[in-house]
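Here the structure is laid out as structure tokens; the discussion comes afterwards.
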Amino acid sequence: MVGKRKPKLAVWKFASCDGCQLCLLDCEDELLAVAGEIEIANFPEASHRVVKGPYDISFVEGSITTPHDAERIHKVRRASKFLVTIGACATAGGIQALRNFADVSEYTSIVYPSPEYIKTLNKSTPIADHVPVDFELRGCPINKYQLVEVLSAFLNGRKPNIPAYSVCMECKMRGIVCVMVARGIPCLGPVTQAGCGALCPSYDRGCYGCFGPKETPNTSALGEAWKRLNVEDRDIVRAFRGVNAYAEPFRKASEAYEK
Amino acid sequence: MTKRQENIAVLESEGLGYLVQALIDKGYEVLGPRIKDGAVTYDQIETVRDLPIGWTDRQEPGSYRLVKSGKKTYFDYAVGPHSWKKYLHPPETRLWEARRDEQGFTVIEPERETAKKALLGVRPCELQALAIQDTVFTGGPYLAPGYQERRSNLFIVAVNCVRPGGTCFCASMKTGPKATSGFDLALTEILESGRHYFVVEVGSASGEELLSDLPTKVADDAEKEAAAKAMERATAKMGRELDTKGIRELLYKCFDDPHWQTVADRCFSCGNCTMVCPTCFCVNVEDGTDLSGQQAERWSRWDSCFTRDFSYIHGGSIRFTVKARYRQWMTHKLAYWLDQFGTLGCVGCGRCITWCPAGIDITEEVRALRDKEQSEKVQSV
């Protein structure tokens, strides 16, 4: 790659907690290698120095929750050759999408002393609802190794190895004993996409669904399996209404058990 | 061979410690059953105290619980979520790596595993699973990288099943409860009228050699009889049954049966059944690079026919529906496998039943298809 211009990277923030951006800074060992291969051109969390666009690759964190952001995302898209959304907010609307199941004006009237100053949308929506997205990286937060994999794949012109299968596959490959079968702990693993390395089951907890629905998730069958473990409908609703509440299969499942 | 069959030995329960130590002294890493996270799993064994003494289990579709038996038995459990394939066909293996250099690139072969491993507590169904994987990985013109090396350095101590689990059906598959071949030593654990001992059969020269170092005696008729009776009782206590008569024809006939959809309605396509199955061998081969593009690696990782990407061919998955994926898995196990490898791909261990979070039971699904087929036959007469 001698003599070749380094690709320019930009990191953008929308409605989010910044945790996914921090995963890039958290790359530690890989961070120098990343900086060696790409120019970090626009990443306010890391540096005040901003290099003008267009950018070869953009990471977009956060969901769209305000009229201003609904416009800004189009500018980001225009300035980005390859746009990757990172995290549950950007890919599914995040925890703030709980407003989508309620009346947001009621929320603002309770939270803010002068709600008339708040300009917010009725719904928190993923980036892909507004602009075309080239790749979605799931997780709350994202997995830094998956982030480096997406970057490596982009830099080398190949497809990233990011499986869309269940958390169960990771659990079994790590030799973790199934918490649902061996202990009767309700777990979202069978309908959730892998990527975390089966973190919660490895600590004797059920999966919380941070990486969102896997490919072809059978949420209604999982709900029934949870009921056999004596989980009540309202708790099934709560489980599906986590950080990926507005991802369609989880949304439909929570709505089905709300009735 | 006749000499060995006659030479059935008895090892008192206290002698099991000598067996473990003898294997360690011969340079084997001993792997066997250990309690971990609420189940009997396979891991390194340093002394007999690591074994699940006094533990048994209760298994049903989608449910597994360890239960204290109050007895001093070592092997009174049925198979757990792990299988020996994790050692012989590891979940992930680096096949090779390549580094860029002035000439282009250099390929670096990975170091092959040569450590001697002793597997303690291999169940008869698992011996058949090993035999099946041998055929898959080494039976054809192309050998799976590293498998032969890992396989040839094994010492196998089989343990016959005196207490089958709730989801076991090895008697139907004719793979158990008694080991007939594929072991170095085979033990039957007997605890009767206060006496605790093992009836030991020898299956190989290295088994015979190891046994000669242990404090054994020749089994008398009463002891042989006790072992034979234990096997009879185990056969009668199978948790489940699977009628294999004409199974290939049955499944081929049922290819378009609407019953597959009723299974798909319950199935998560999570892949658990294939991960715990001791014969499932499918892998995904992944190519990766580092950030700089100076190094590339090719990895083999366990995959499952229950994932959408497993059947991805030019532009899409050819088994997009869960119905098609479940049908593929079961029809492969019980029909295509016969055409492909000459045996059934199922050994009756029951893992796919117990460890299915939805509790789908392969024996029930075969029965359902068979019943439908029968009733259709009756109607057409």
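Within each chain, counting starts at residue 1; across the structure tokens, chains are named A, B, ... in the order shown, with ligands numbered 1 upward in that order.
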For A:Glu170, list every protein, DNA or RNA residue within 6 Å, evaluated using only C-alpha atoms, and leave out those in the same chain fewer than 2 positions away; present the list as a PDB file with N, CA and C atoms, in the first residue's frame.
```pdb
ATOM      1  N   VAL A 167     -26.881 -16.529  19.631  1.00  0.00           N
ATOM      2  CA  VAL A 167     -25.930 -16.534  20.747  1.00  0.00           C
ATOM      3  C   VAL A 167     -25.628 -17.979  21.168  1.00  0.00           C
ATOM      4  N   CYS A 168     -26.625 -18.884  21.011  1.00  0.00           N
ATOM      5  CA  CYS A 168     -26.430 -20.294  21.395  1.00  0.00           C
ATOM      6  C   CYS A 168     -25.201 -20.896  20.714  1.00  0.00           C
ATOM      7  N   LYS A 172     -22.248 -22.653  22.847  1.00  0.00           N
ATOM      8  CA  LYS A 172     -21.841 -24.042  22.675  1.00  0.00           C
ATOM      9  C   LYS A 172     -20.379 -24.134  22.247  1.00  0.00           C
ATOM     10  N   MET A 173     -19.938 -23.239  21.385  1.00  0.00           N
ATOM     11  CA  MET A 173     -18.540 -23.292  20.946  1.00  0.00           C
ATOM     12  C   MET A 173     -17.584 -23.009  22.098  1.00  0.00           C
ATOM     13  N   GLY A 197     -19.909 -12.970  22.343  1.00  0.00           N
ATOM     14  CA  GLY A 197     -19.154 -14.098  22.892  1.00  0.00           C
ATOM     15  C   GLY A 197     -19.901 -14.783  24.025  1.00  0.00           C
ATOM     16  N   ALA A 198     -21.225 -14.679  24.001  1.00  0.00           N
ATOM     17  CA  ALA A 198     -22.089 -15.303  25.029  1.00  0.00           C
ATOM     18  C   ALA A 198     -21.695 -14.832  26.424  1.00  0.00           C
TER      19      ALA A 198
END
```
Per-residue nearest contacts chain A to chain B, cut-off 8 Å, using only C-alpha atoms, as JSON lines:
```
{"residue": "A:Ala33", "atom": "CA", "partner": "B:Leu291", "partner_atom": "CA", "distance": 6.8}
{"residue": "A:Val34", "atom": "CA", "partner": "B:Leu291", "partner_atom": "CA", "distance": 6.8}
{"residue": "A:Glu37", "atom": "CA", "partner": "B:Ser292", "partner_atom": "CA", "distance": 6.3}
{"residue": "A:Val148", "atom": "CA", "partner": "B:Leu291", "partner_atom": "CA", "distance": 7.6}
{"residue": "A:Leu151", "atom": "CA", "partner": "B:Leu291", "partner_atom": "CA", "distance": 7.0}
{"residue": "A:Ser152", "atom": "CA", "partner": "B:Leu291", "partner_atom": "CA", "distance": 4.4}
{"residue": "A:Ala153", "atom": "CA", "partner": "B:Thr289", "partner_atom": "CA", "distance": 7.2}
{"residue": "A:Leu155", "atom": "CA", "partner": "B:Leu291", "partner_atom": "CA", "distance": 6.8}
{"residue": "A:Asn156", "atom": "CA", "partner": "B:Gly293", "partner_atom": "CA", "distance": 6.2}
{"residue": "A:Asn161", "atom": "CA", "partner": "B:Glu286", "partner_atom": "CA", "distance": 7.2}
{"residue": "A:Ala164", "atom": "CA", "partner": "B:Asp309", "partner_atom": "CA", "distance": 7.8}
{"residue": "A:Tyr165", "atom": "CA", "partner": "B:Thr307", "partner_atom": "CA", "distance": 5.9}
{"residue": "A:Ser166", "atom": "CA", "partner": "B:Cys270", "partner_atom": "CA", "distance": 5.4}
{"residue": "A:Val167", "atom": "CA", "partner": "B:Cys270", "partner_atom": "CA", "distance": 7.9}
{"residue": "A:Cys168", "atom": "CA", "partner": "B:Cys270", "partner_atom": "CA", "distance": 6.1}
{"residue": "A:Met169", "atom": "CA", "partner": "B:Gly271", "partner_atom": "CA", "distance": 6.2}
{"residue": "A:Lys172", "atom": "CA", "partner": "B:Met275", "partner_atom": "CA", "distance": 6.2}
{"residue": "A:Met173", "atom": "CA", "partner": "B:Pro91", "partner_atom": "CA", "distance": 5.5}
{"residue": "A:Arg174", "atom": "CA", "partner": "B:Pro91", "partner_atom": "CA", "distance": 7.9}
{"residue": "A:Gly175", "atom": "CA", "partner": "B:His82", "partner_atom": "CA", "distance": 7.0}
{"residue": "A:Ile176", "atom": "CA", "partner": "B:Asp37", "partner_atom": "CA", "distance": 7.9}
{"residue": "A:Val177", "atom": "CA", "partner": "B:Asp37", "partner_atom": "CA", "distance": 6.2}
{"residue": "A:Cys178", "atom": "CA", "partner": "B:Trp355", "partner_atom": "CA", "distance": 7.5}
{"residue": "A:Met180", "atom": "CA", "partner": "B:Pro357", "partner_atom": "CA", "distance": 6.7}
{"residue": "A:Val181", "atom": "CA", "partner": "B:Ser63", "partner_atom": "CA", "distance": 4.6}
{"residue": "A:Ala182", "atom": "CA", "partner": "B:Tyr64", "partner_atom": "CA", "distance": 4.7}
{"residue": "A:Arg183", "atom": "CA", "partner": "B:Arg65", "partner_atom": "CA", "distance": 7.2}
{"residue": "A:Gly184", "atom": "CA", "partner": "B:Ser63", "partner_atom": "CA", "distance": 7.7}
{"residue": "A:Pro190", "atom": "CA", "partner": "B:Cys270", "partner_atom": "CA", "distance": 5.1}
{"residue": "A:Val191", "atom": "CA", "partner": "B:Phe268", "partner_atom": "CA", "distance": 6.8}
{"residue": "A:Asp204", "atom": "CA", "partner": "B:Asp37", "partner_atom": "CA", "distance": 7.9}
{"residue": "A:Glu215", "atom": "CA", "partner": "B:Arg308", "partner_atom": "CA", "distance": 6.9}
{"residue": "A:Thr216", "atom": "CA", "partner": "B:Val322", "partner_atom": "CA", "distance": 7.7}
{"residue": "A:Pro217", "atom": "CA", "partner": "B:Phe268", "partner_atom": "CA", "distance": 6.6}
{"residue": "A:Asn218", "atom": "CA", "partner": "B:Phe268", "partner_atom": "CA", "distance": 5.2}
{"residue": "A:Thr219", "atom": "CA", "partner": "B:Phe268", "partner_atom": "CA", "distance": 8.0}
{"residue": "A:Ala221", "atom": "CA", "partner": "B:Arg266", "partner_atom": "CA", "distance": 5.4}
{"residue": "A:Leu222", "atom": "CA", "partner": "B:Phe268", "partner_atom": "CA", "distance": 7.3}
{"residue": "A:Ala225", "atom": "CA", "partner": "B:Ala358", "partner_atom": "CA", "distance": 6.1}
```
Could you write those residues out with N, CA and C atoms, as a compact mmCIF listing (two decimals), in the first residue's frame?
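Written output follows (result00.txt):
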```
# COMPACT_ATOMS: atom_id res chain seq x y z
N ALA A 33 -2.50 0.16 15.22
CA ALA A 33 -2.58 -0.43 13.88
C ALA A 33 -3.68 0.25 13.07
N VAL A 34 -4.79 0.55 13.75
CA VAL A 34 -5.88 1.25 13.06
C VAL A 34 -5.38 2.61 12.58
N GLU A 37 -3.26 2.59 9.51
CA GLU A 37 -3.86 2.25 8.22
C GLU A 37 -4.89 3.25 7.72
N VAL A 148 -13.02 -4.03 14.66
CA VAL A 148 -11.73 -4.15 13.96
C VAL A 148 -11.90 -5.05 12.72
N LEU A 151 -13.43 -3.04 9.99
CA LEU A 151 -12.42 -2.14 9.42
C LEU A 151 -11.43 -2.90 8.54
N SER A 152 -10.95 -4.06 9.05
CA SER A 152 -10.00 -4.87 8.27
C SER A 152 -10.62 -5.29 6.95
N ALA A 153 -11.87 -5.72 7.02
CA ALA A 153 -12.56 -6.17 5.82
C ALA A 153 -12.68 -5.01 4.83
N LEU A 155 -10.79 -2.29 4.63
CA LEU A 155 -9.47 -1.90 4.11
C LEU A 155 -8.95 -2.91 3.09
N ASN A 156 -9.33 -4.18 3.24
CA ASN A 156 -8.82 -5.21 2.34
C ASN A 156 -9.82 -5.63 1.27
N ASN A 161 -16.44 -11.03 8.46
CA ASN A 161 -16.94 -12.27 9.05
C ASN A 161 -17.73 -11.94 10.31
N ALA A 164 -24.64 -13.99 11.56
CA ALA A 164 -26.00 -13.53 11.92
C ALA A 164 -26.73 -14.59 12.74
N TYR A 165 -26.01 -15.68 13.11
CA TYR A 165 -26.67 -16.76 13.85
C TYR A 165 -26.84 -16.42 15.33
N SER A 166 -27.34 -17.42 16.10
CA SER A 166 -27.76 -17.16 17.47
C SER A 166 -26.60 -17.10 18.46
N VAL A 167 -26.88 -16.53 19.63
CA VAL A 167 -25.93 -16.53 20.75
C VAL A 167 -25.63 -17.98 21.17
N CYS A 168 -26.63 -18.88 21.01
CA CYS A 168 -26.43 -20.29 21.39
C CYS A 168 -25.20 -20.90 20.71
N MET A 169 -24.97 -20.51 19.47
CA MET A 169 -23.81 -21.05 18.75
C MET A 169 -22.51 -20.68 19.47
N LYS A 172 -22.25 -22.65 22.85
CA LYS A 172 -21.84 -24.04 22.68
C LYS A 172 -20.38 -24.13 22.25
N MET A 173 -19.94 -23.24 21.39
CA MET A 173 -18.54 -23.29 20.95
C MET A 173 -17.58 -23.01 22.10
N ARG A 174 -18.06 -22.20 23.07
CA ARG A 174 -17.23 -21.94 24.26
C ARG A 174 -17.39 -23.02 25.32
N GLY A 175 -18.31 -23.97 25.10
CA GLY A 175 -18.51 -25.04 26.08
C GLY A 175 -19.30 -24.60 27.30
N ILE A 176 -20.02 -23.47 27.19
CA ILE A 176 -20.83 -22.99 28.30
C ILE A 176 -22.09 -23.86 28.40
N VAL A 177 -22.45 -24.23 29.61
CA VAL A 177 -23.64 -25.05 29.81
C VAL A 177 -24.89 -24.15 29.69
N CYS A 178 -25.86 -24.61 28.93
CA CYS A 178 -27.07 -23.80 28.65
C CYS A 178 -27.80 -23.45 29.95
N MET A 180 -30.64 -22.00 30.25
CA MET A 180 -32.09 -22.22 30.13
C MET A 180 -32.42 -23.69 30.39
N VAL A 181 -31.65 -24.59 29.78
CA VAL A 181 -31.93 -26.03 29.90
C VAL A 181 -31.49 -26.56 31.27
N ALA A 182 -30.31 -26.14 31.74
CA ALA A 182 -29.77 -26.75 32.97
C ALA A 182 -30.22 -26.04 34.24
N ARG A 183 -30.73 -24.81 34.13
CA ARG A 183 -31.14 -24.08 35.33
C ARG A 183 -32.52 -23.46 35.24
N GLY A 184 -33.13 -23.53 34.07
CA GLY A 184 -34.46 -22.92 33.92
C GLY A 184 -34.42 -21.40 33.95
N PRO A 190 -31.56 -17.86 22.15
CA PRO A 190 -32.01 -18.53 20.93
C PRO A 190 -32.56 -17.62 19.84
N VAL A 191 -32.93 -16.36 20.20
CA VAL A 191 -33.45 -15.47 19.15
C VAL A 191 -32.53 -14.26 18.93
N ASP A 204 -23.57 -17.07 34.19
CA ASP A 204 -24.80 -17.66 34.75
C ASP A 204 -26.04 -16.77 34.63
N GLU A 215 -30.97 -13.82 12.54
CA GLU A 215 -31.72 -14.11 11.31
C GLU A 215 -32.83 -15.10 11.65
N THR A 216 -33.99 -14.96 11.01
CA THR A 216 -35.18 -15.78 11.25
C THR A 216 -35.39 -16.12 12.75
N PRO A 217 -35.63 -15.09 13.58
CA PRO A 217 -35.84 -15.36 15.01
C PRO A 217 -37.28 -15.83 15.26
N ASN A 218 -37.43 -16.92 16.00
CA ASN A 218 -38.77 -17.43 16.31
C ASN A 218 -39.15 -16.94 17.71
N THR A 219 -39.54 -15.66 17.76
CA THR A 219 -39.79 -15.03 19.07
C THR A 219 -41.04 -15.59 19.74
N ALA A 221 -42.19 -18.68 19.60
CA ALA A 221 -41.85 -19.97 20.22
C ALA A 221 -41.02 -19.75 21.48
N LEU A 222 -40.16 -18.73 21.47
CA LEU A 222 -39.36 -18.48 22.67
C LEU A 222 -40.26 -17.99 23.81
N ALA A 225 -41.77 -20.93 25.30
CA ALA A 225 -40.80 -21.68 26.11
C ALA A 225 -40.59 -20.99 27.45
```
Long-range neighbours of A:Pro44 as a tab-separated table (two decimals) with all heavy atoms, in the first residue's frame, 10 Å cut-off, only C-alpha atoms, 6 positions minimum in chain:
```
chain	number	residue	atom	x	y	z
A	10	ALA	N	-14.48	8.88	9.57
A	10	ALA	CA	-15.22	9.82	10.41
A	10	ALA	C	-16.13	9.03	11.34
A	10	ALA	O	-16.61	7.95	10.99
A	10	ALA	CB	-16.06	10.76	9.54
A	11	VAL	N	-16.29	9.56	12.55
A	11	VAL	CA	-17.20	8.93	13.52
A	11	VAL	C	-18.25	9.96	13.90
A	11	VAL	O	-17.92	11.08	14.29
A	11	VAL	CB	-16.43	8.45	14.77
A	11	VAL	CG1	-17.39	7.77	15.75
A	11	VAL	CG2	-15.30	7.50	14.39
A	12	TRP	N	-19.52	9.61	13.75
A	12	TRP	CA	-20.62	10.55	13.98
A	12	TRP	C	-21.49	10.09	15.14
A	12	TRP	O	-21.73	8.91	15.29
A	12	TRP	CB	-21.50	10.65	12.72
A	12	TRP	CG	-20.73	10.92	11.47
A	12	TRP	CD1	-20.25	10.00	10.59
A	12	TRP	CD2	-20.34	12.20	10.95
A	12	TRP	NE1	-19.60	10.61	9.55
A	12	TRP	CE2	-19.63	11.96	9.74
A	12	TRP	CE3	-20.51	13.52	11.40
A	12	TRP	CZ2	-19.11	13.00	8.97
A	12	TRP	CZ3	-20.00	14.54	10.61
A	12	TRP	CH2	-19.29	14.29	9.42
A	13	LYS	N	-21.97	11.07	15.87
A	13	LYS	CA	-22.81	10.73	17.01
A	13	LYS	C	-24.22	11.29	16.83
A	13	LYS	O	-24.40	12.45	16.48
A	13	LYS	CB	-22.21	11.34	18.28
A	13	LYS	CG	-23.08	11.12	19.52
A	13	LYS	CD	-22.58	11.92	20.69
A	13	LYS	CE	-23.68	12.11	21.74
A	13	LYS	NZ	-24.09	10.87	22.37
A	50	VAL	N	-10.25	18.37	12.93
A	50	VAL	CA	-11.25	17.85	12.00
A	50	VAL	C	-10.78	18.09	10.57
A	50	VAL	O	-10.49	19.21	10.19
A	50	VAL	CB	-12.64	18.51	12.22
A	50	VAL	CG1	-13.61	18.09	11.13
A	50	VAL	CG2	-13.18	18.17	13.60
```
What gap, in Å, lies between atom CA of A:Gly223 and atom CA of B:Asp361?
18.9 Å
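The shortest atom-to-atom distance to B:His196, with only C-alpha atoms taken into account, belongs to B:Ser13 out of B:Thr138, B:Thr343, B:Gln261, B:Ser13.
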What's the 8 Å shell around stretch 117-134 of chain A, counting only C-alpha atoms, without same-chain residues fewer than 5 positions away, as a list in words?
Gly62, Ser63, Ile64, Thr65, Thr66, Pro67, Ala70, Ile73, His74, Arg77, Phe82, Leu83, Val84, Thr85, Cys89, Ala90, Thr91, Ala92, Gly93, Gly94, Gln96, Ala97, Arg99, Asn100, Asp103, Val104, Ser105, Thr108 and Tyr246 of chain A
Residue contacts of stretch 102-119 of chain B (7 Å, only C-alpha atoms) excluding same-chain residues fewer than 2 positions away, as a list in words:
Gly27, Tyr28, Glu29, Val30, Leu31, Gly32, Arg94, Leu95, Trp96, Glu97, Ala98, Arg99, Arg100, Gly121, Val122, Gly146, Glu149, Arg150, Asn153, Leu154, Phe155, Ile156 and Val157 of chain B
Any chance you can output those residues with N, CA and C atoms as a CSV table (one decimal), in the first residue's frame?
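Saved as out.csv:
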```
chain,number,residue,atom,x,y,z
B,27,GLY,N,2.1,-40.5,30.4
B,27,GLY,CA,2.2,-39.2,29.6
B,27,GLY,C,0.9,-38.8,29.0
B,28,TYR,N,-0.2,-39.4,29.4
B,28,TYR,CA,-1.5,-39.0,28.8
B,28,TYR,C,-2.1,-37.8,29.6
B,29,GLU,N,-2.7,-36.9,28.9
B,29,GLU,CA,-3.6,-35.9,29.6
B,29,GLU,C,-4.9,-36.6,29.7
B,30,VAL,N,-5.4,-36.8,30.9
B,30,VAL,CA,-6.7,-37.5,31.1
B,30,VAL,C,-7.8,-36.6,31.1
B,31,LEU,N,-8.8,-36.9,30.2
B,31,LEU,CA,-10.0,-36.0,30.1
B,31,LEU,C,-11.2,-36.9,30.5
B,32,GLY,N,-12.1,-36.3,31.2
B,32,GLY,CA,-13.2,-37.1,31.7
B,32,GLY,C,-14.3,-36.3,32.2
B,94,ARG,N,-7.2,-23.0,13.3
B,94,ARG,CA,-6.5,-22.3,12.2
B,94,ARG,C,-6.0,-23.2,11.2
B,95,LEU,N,-6.4,-23.2,10.0
B,95,LEU,CA,-6.0,-24.1,8.9
B,95,LEU,C,-4.6,-23.7,8.4
B,96,TRP,N,-4.4,-22.5,8.2
B,96,TRP,CA,-3.1,-21.9,7.8
B,96,TRP,C,-3.1,-20.4,7.8
B,97,GLU,N,-1.9,-19.9,7.8
B,97,GLU,CA,-1.8,-18.4,7.7
B,97,GLU,C,-0.8,-18.1,6.6
B,98,ALA,N,-0.9,-16.9,6.1
B,98,ALA,CA,0.1,-16.4,5.1
B,98,ALA,C,0.5,-15.0,5.4
B,99,ARG,N,1.9,-14.8,5.2
B,99,ARG,CA,2.4,-13.5,5.4
B,99,ARG,C,3.0,-12.9,4.1
B,100,ARG,N,2.8,-11.7,3.9
B,100,ARG,CA,3.3,-11.0,2.7
B,100,ARG,C,4.8,-10.8,2.8
B,121,GLY,N,-14.4,-42.5,30.5
B,121,GLY,CA,-15.8,-42.4,30.6
B,121,GLY,C,-16.5,-42.2,29.3
B,122,VAL,N,-16.0,-42.8,28.2
B,122,VAL,CA,-16.6,-42.7,26.9
B,122,VAL,C,-17.8,-43.7,26.9
B,146,GLY,N,-5.4,-32.4,10.6
B,146,GLY,CA,-5.1,-32.5,12.0
B,146,GLY,C,-5.9,-33.6,12.7
B,149,GLU,N,-4.0,-37.0,13.4
B,149,GLU,CA,-3.0,-36.9,14.5
B,149,GLU,C,-3.7,-36.9,15.9
B,150,ARG,N,-4.8,-36.1,16.0
B,150,ARG,CA,-5.5,-36.1,17.3
B,150,ARG,C,-6.1,-37.5,17.6
B,153,ASN,N,-3.6,-40.5,18.8
B,153,ASN,CA,-2.9,-40.4,20.1
B,153,ASN,C,-3.8,-40.6,21.3
B,154,LEU,N,-5.0,-41.3,21.0
B,154,LEU,CA,-6.0,-41.5,22.1
B,154,LEU,C,-5.8,-42.8,22.8
B,155,PHE,N,-6.1,-42.8,24.1
B,155,PHE,CA,-6.4,-44.0,24.8
B,155,PHE,C,-7.8,-43.9,25.3
B,156,ILE,N,-8.6,-44.9,25.0
B,156,ILE,CA,-10.1,-44.8,25.3
B,156,ILE,C,-10.5,-45.7,26.4
B,157,VAL,N,-11.0,-45.2,27.5
B,157,VAL,CA,-11.6,-46.0,28.6
B,157,VAL,C,-13.1,-45.8,28.5
```
Non-local contacts of B:Ala144 (12 Å; only C-alpha atoms; under 6 positions in same chain excluded) as a list in words
Leu88, His89, Pro90, Thr93, Leu95, Gln133, Asp134, Thr135, Val136, Phe137, Thr138, Arg150, Arg151, Phe281, Cys282, Val283 and Ser300 of chain B
Who sits within 9 Å of stretch 55-57 of chain B, only C-alpha atoms, same chain under 5 positions skipped, as a list of chain:residue names:
B:Ile35, B:Ala39, B:Val40, B:Tyr64, B:Arg65, B:Leu66, B:Val67, B:Lys68, B:Ser69, B:Gly70, B:Lys71, B:Lys72, B:Thr73, B:Tyr74, B:Phe75, B:Asp76, B:Tyr77, B:Ala78, B:Gly80, B:Gly165, B:Gly166
Could you check which of B:Ser172, B:Thr279, B:Gln128, B:Ser152 is closest to B:Glu241, using only C-alpha atoms?
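The shortest atom-to-atom distance to B:Glu241 comes from B:Ser172.
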Can you check which residues of stretch 32-255 of chain B DSSP gives as strand (DSSP E) on the backbone and send them as an NGL selection string?
:B and (32-36 or 39-44 or 55-60 or 63-68 or 92-101 or 104-108 or 117-122 or 154-159 or 185-192 or 195-202 or 216-218)
Quick check for you: according to DSSP on this backbone, which residues of stretch 118-184 of chain B are classed as alpha helix (DSSP H)? Reply as a list in words.
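Put together, the selection reads Pro124, Cys125, Glu126, Leu127, Gln128, Ala129, Leu130, Ala131, Ile132, Gln133, Asp134, Thr135, Val136, Phe137, Thr138, Tyr147, Gln148, Glu149, Arg150, Arg151, Ser152, Cys170, Ala171, Ser172 and Met173 of chain B.
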